[in-house]
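First up is the structure itself, then whatever we jot down about it.
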Amino acid sequence: MAQVPYHHRNITRLKAEELLLNAKEDGSFLVRESESIEGAYTLCVLYQSRIFQYRILTGSDGKLSIQSEKGVQERKYADLAQLVDEYLHRGSNNGLACTLKYPVATEKIDDVDSDDEEEIGETPLRWSDTSNVNAGGDDDITRYFSERFGTLDLSKCDGAYVDSIRHYVEHDVKDDAHNVQMGSGQLTKFRQLLSKTAAEFNREMEIFCGRLEVLRDLFGSNIPVPGPSLDKTLDKGIVDHDKFVEKLGNMKTAVVNLEKRASARVRELVFPEDEYEDTSTSISAGTMRPTPLLTSVRKPSLPPSSFDVKLGKNQKITLTVDIQVGKLFAVKPSKDVLDESNTFPHEKILQLIKSTSNKCRVDVIIEGRKKDTYTFEDARSRENFCQLVQQMKNMHSASSDVDQISIFIGTWNMGDASPSWNLSPWFKCQGAGKTRDKTLSMIPHDIYAIGTQESALTEKEWINKVRRLLRDGLMIELHMVAVCTLWGLRLVVLTKQEHRNKISHVRHSTVKTGIANALGNKGAVGISFFFSGSFLCFVNCHLTSGSEKNNRRNQNYRDILKGLSLGQKDQTSFDLTNQFHHLFWFGDLNYRLEDEVQPILKKITEREYDALQKMDQLKNSQNAKESFVHFCEGEVTFPPSYRYLRGSKDQYDWKKVKKTGIRINVPSWCDRVLWKSYPQTYIVNTAYGSVEDVDTSDHKPVFSSFDIGVMTQFVPGLGGNTEDVKMVFDNVQVEMRTSVSHPRFQLAFHSACLEGTVTSKTNMNYCSRNQRANYCCPVWEPKLIPELYTIFSDVDYLEDHHLLIAVKSVDGDESYGECVLSLKSMFSIAPQRFSCLLTHQGEETGKLWGSMHLTTGTSSKHTRKKSIRKSYELIYMDTDFQSTGDIDILDPEPEKIMKPKLVVSKAVSLPQGVTPNGKIATTDRSPRDDLGLKNAPWQSGSSRDIDSRPPLPPPSKIHAKTPPGVDVLNSIDVGGRPPADRHLPPPPPSPPGGTEMALPAGILPPLPSRKPDVSAGLEPEQYEVVPPATLKKSADNPIECRPPMALPPSIPPRKGKPATSPVAPLTSKSGGSPVLSPQKPPLPSARKSPLPSAPTEEVEDVPPTLPRKLRASSSDDSGNLHNYEKLKKPLSISQWLLTLGLPQYIGTFVAQGWDNLEYMDGITEQDLLDMKITHPNHRTKILESLKNF
């Protein structure tokens, strides 16, 4: 189909609307490609500042027709030009919103890369040079080449060769042209000319081959070397072309093999046979444990790492982490003897708690000891220490489950040159910038993703080289997951042998973004696959070069997003950035620094990288949301990786003299590693830097490494009642950029925990309050959104899942934006507020917010694992705790872990101003201060701080304190939102007899709850803050106006059997404190409890801990067994133990995994003894109670 000026091939819906709005004239139109139907088009028309869209479909006969208003006869057209021409002449009687008048032409984009990269050979022939050539006339072809011949520099050629070229131009080129016209692909006359050109070189090759034979004999090799020529026409100055090319290939192979043999022979002399094993034999993955060392060819020796630190304030200590042995040593200078007081096995190390106020300090919790506070020399040392301890515990873990892996990302523009043989520092993350500890660098990663650009090696040569380097440097044999190549652009993904069975659904794809998006000199290659239950994607790209081509690079990014065919084939509604748990994007992005070269060189010398980052085109494009929206990058602390003088380690070659003039290439960070992860997933960037010692290219290799959490590939509880767990939406509202007239939308929901994609009904209403121009705000009420039933009921497994939501038009079935919602904090009896930014094809299109929750069926026997702890939960920040004084060991058994004191319970509604420990909370701190959520560095998507903290553990593993009157689970949310209001059911009636329970002195009754105004609109100044508009920014209600980001994993609520009775009402005694009227059943004792009884509606079971001075006494319980037959069965662990007068055991039951009364019937006295319940009467009371209900 011929190109027409109004046909825009590679633009998004938003870009099309922007072009039409800029045109401003009614009747302006353009045609873009449909996003939902392959081979279809969309006609976009501007009328009265609104956009009207009409689909153009291709029929079975190959002709086009347009879907316009009903009643208009459908016509068929051969192509777009005929269709548009017909509608232009129809006038107003065309079934469209208005007459087509003004076509909006495509923007002219210079496809040719700037010539700032290395030139190889002569300048390529330009399209304009052949514009006047008539392919059908031999005279025109001869004239063209004659003109070109007259411009050649022939000073390097002898007279005979010049005559040969002239003869070809004047006579032989006609024969070659005739062969091409007849369909032959061979240029016979040109090959004869090339043979004459190589005559002298062929003689030199004979001499060279003889010398190669001498070297072969020196190393005792049987490598075949091209023999003497048998070409008898050599004396006539003619060389057979095919034999000449074959000889060149054989010579190249002989040289490469000879170099390999020489290297092998030298290695054999350096490493005796008894120290170097042969790796040719296959390794069985089934016999290996998932540790980083057992896949090695020979086991490496990991040296201990020592740190000089201060214990407390002044005492000097040497901390030594011996990964090989699995022990931590803390030795004083005055004590050389190692004993139990200074030697700690890995299983005794329970928790590392890093300080945020002092980045050199860490608290180490060891079983049987009080916490030890160590101060390191610098923040980097503290980080290395924490990583070493975590690696030591992971390596010596007896668990076969893998929930954390490490990933190496490497990118290097090789500059079409043979690579350096010493690339070990690259794979070990050693060089400039943020590097790995020397000991850690000797431990191989689980996955290697290596991207190269302008590669001079073949695919096989490069893979063999990488494998050999990793085997020699890290002593490990790797399994190749996939390799993908586009011209000189290549991506190789390798993994450990023991992980090969965890990888599935491997896909790879390529996209060309060179001239007219047809050449592969620029573009991208990508590979995606599942690792256990986590979906990973790696993209290596080479974007347009030139400092002035920033807009073109941004367009390359969008073209790659649209063109890569990765992920799941049935998820066409969601673009590449919303389909994967972790998406890694790297390569030669070619973004430049925008400043003069001398100021840049000065800042590089002074290591002022932060100042240079403000001039970085990539950062500025991200801030302007023009490309790589919501992607993250590690802190850049290494020099710009481009453009170096080849052969130099630190000298920039910023000036280049070309035929067209002098070209200035300012030093820039062209080679980058970015990533985007789902919210509330664990990912830590452990290294990001460059290797300065590799000098064969004008680019330096860049490395980055990550620790990520992975989901299990085994689904627990599968096959149960599909109605056990369901997602219920209370409301959904969207604000998105569009000027389409009267759009109607649907919501599409997709998740791995759902049987398939579920679609809502069409929205009926719009929110017009405070609506901005060119924005649309559809609203969905609960009746329009179906309940979503999960295919399995295991709560722990569900909490790791995410829900993908797409806003799609009803008419065109095109997506207007997608987002990802974490289910981690959505288990609740009341709807929880959420907010997500919408993106589509790399552009931010708006935001979506509302409220929803996950509920459990009343008859379901849903499962929850007992005290499962992730391996990455070893390290915490001190902001995970209420105060440093709260950090102590309560009871290390059975998990032997430190329990951070964070609020986790929603079921226990506390009075205003009361903490779960019964203390009166102060009000001089904000909820986010108490939670330590200001610029939390460990969030998925944050990497500016050297500290990184993992997600918070499940509630069965932690105790908590509450800030004054704050629902913490609602306060931990996107973008600094204020806590959401709670939905509280009406209070139950008072029990007969008016039994009352007094609250402790100073405790205030709870304030009445207010239902959120879900219909309220969005204030303009609150666009980055979750609505409703009633939450206005004021001195009394401060709101952090920050854009939403990836959330820290909120505390997952404990799920239990829902009940029907809420918090009891509060009354007042005359002259006394407020009292609580409890519901049935009454307390077993006449004495009054110091705290209100727990509500009976419970989805969590971590109750408030009693203060020591108010804790119920148990000394008078002997012989005081009650008649439990008269009591009704309680509905929660906390209610049951409070009713028994044994609240001190609530935390014990929860910590041991007894968090649901449905499973209490199997508990025995031995179980109670194992839980350290030593009082015999208490055990008897518990067992008797269980028998009776």
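By order in the structure tokens, chains are A, B, ...; within a chain, residues start at 1; ligands start at 1, following the order shown.
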
- DSSP on the backbone, then: every residue of stretch 628-867 of chain A marked strand (DSSP E or B), written as a PyMOL selection string. chain A and resi 632-633+642+644+652+655-658+661-664+668+671-677+683-690+699+702-709+718+725-737+740+745-750+754+758-759+765-766+775-776+778-780+788-790+792+802-809+815-822+827+832-840+843-856

- Task: Determine, counting only C-alpha atoms, which protein, DNA and RNA residues have an atom within 12 Å of an atom of A:Leu423; residues of the same chain fewer than 4 positions away are not included. Present the result as a PyMOL selection string.
- Result: chain A and resi 410+412+419+427-431+465-470+472-474+690-696+700-703

- Task: Just give me the gap between atom CA of A:Tyr77 and atom CA of A:Leu100 in Å, one decimal is fine.
- Result: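 Atom-to-atom, atom CA of A:Tyr77 to atom CA of A:Leu100, that is 16.8 Å.
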
- Message: Applying 12 Å and only C-alpha atoms, which residues near A:Arg1179 remain after dropping the ones on its own chain fewer than 3 positions away? List them as a VMD selection string.
- Response: chain A and resid 1117 to 1118 1121 1137 1140 1142 1145 1163 to 1176 1182 to 1186

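Minimum atom-to-atom distances from A:Phe376, A:Phe834, A:Trp421, A:Phe190 to A:Gly312 were compared using only C-alpha atoms, and the lowest value belongs to A:Phe376.
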
- Between atom CA of A:Glu843 and atom CA of A:Trp780 - distance in Å to one decimal: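 Between atom CA of A:Trp780 and atom CA of A:Glu843 the gap is 23.8 Å.
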
- Might you pull out every residue within 6 Å of stretch 672-679 of chain A, with only C-alpha atoms counted and same-chain residues fewer than 5 positions away left off, and present them as a PyMOL selection string? chain A and resi 581-587+631-633+1046-1047

Selection to disk with C-alpha atoms, as a JSON list (two decimals), in the first residue's frame:
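What landed in out27.json:
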[["chain", "number", "residue", "atom", "x", "y", "z"],
["A", 581, "HIS", "CA", 7.06, -9.29, 38.02],
["A", 582, "HIS", "CA", 10.47, -7.88, 37.08],
["A", 583, "LEU", "CA", 11.38, -6.24, 33.76],
["A", 584, "PHE", "CA", 15.06, -5.40, 33.17],
["A", 585, "TRP", "CA", 15.86, -3.00, 30.32],
["A", 586, "PHE", "CA", 19.47, -2.30, 29.43],
["A", 587, "GLY", "CA", 21.83, -1.62, 26.54],
["A", 631, "PHE", "CA", 11.43, 2.69, 35.52],
["A", 632, "CYS", "CA", 14.11, 2.73, 38.21],
["A", 633, "GLU", "CA", 17.87, 3.01, 38.02],
["A", 1046, "ALA", "CA", 5.74, 0.98, 44.46],
["A", 1047, "LEU", "CA", 4.51, 0.20, 47.95]]

- Item | Given only C-alpha atoms as the counted atoms, nearest of A:Ser34, A:Asn521, A:Ser528, A:Ser509 to A:Ser455 |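 Ranking A:Ser34, A:Asn521, A:Ser528, A:Ser509 by distance to A:Ser455, first place goes to A:Asn521.
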
Please provide the set of residues having any atom within 7 Å of A:Gly523, restricted to only C-alpha atoms, with same-chain residues fewer than 2 positions apart removed, written as a PDB file with C-alpha atoms, in the first residue's frame.
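Dumped to selection27.pdb:
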ATOM      1  CA  VAL A 511      12.435  -5.229  16.867  1.00  0.00           C
ATOM      2  CA  LYS A 512      14.205  -3.132  14.235  1.00  0.00           C
ATOM      3  CA  THR A 513      14.323   0.632  14.716  1.00  0.00           C
ATOM      4  CA  GLY A 514      16.941   1.528  12.111  1.00  0.00           C
ATOM      5  CA  GLY A 520      18.536  -3.880  12.323  1.00  0.00           C
ATOM      6  CA  ASN A 521      21.565  -1.720  13.023  1.00  0.00           C
ATOM      7  CA  CYS A 541      18.486  -2.380  23.040  1.00  0.00           C
ATOM      8  CA  HIS A 542      20.595  -0.063  20.889  1.00  0.00           C
ATOM      9  CA  LEU A 543      18.837   3.273  20.321  1.00  0.00           C
TER      10      LEU A 543
END

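Coordinates place atom CA of A:Val820 at a distance of 16.8 Å from atom CA of A:Thr790.
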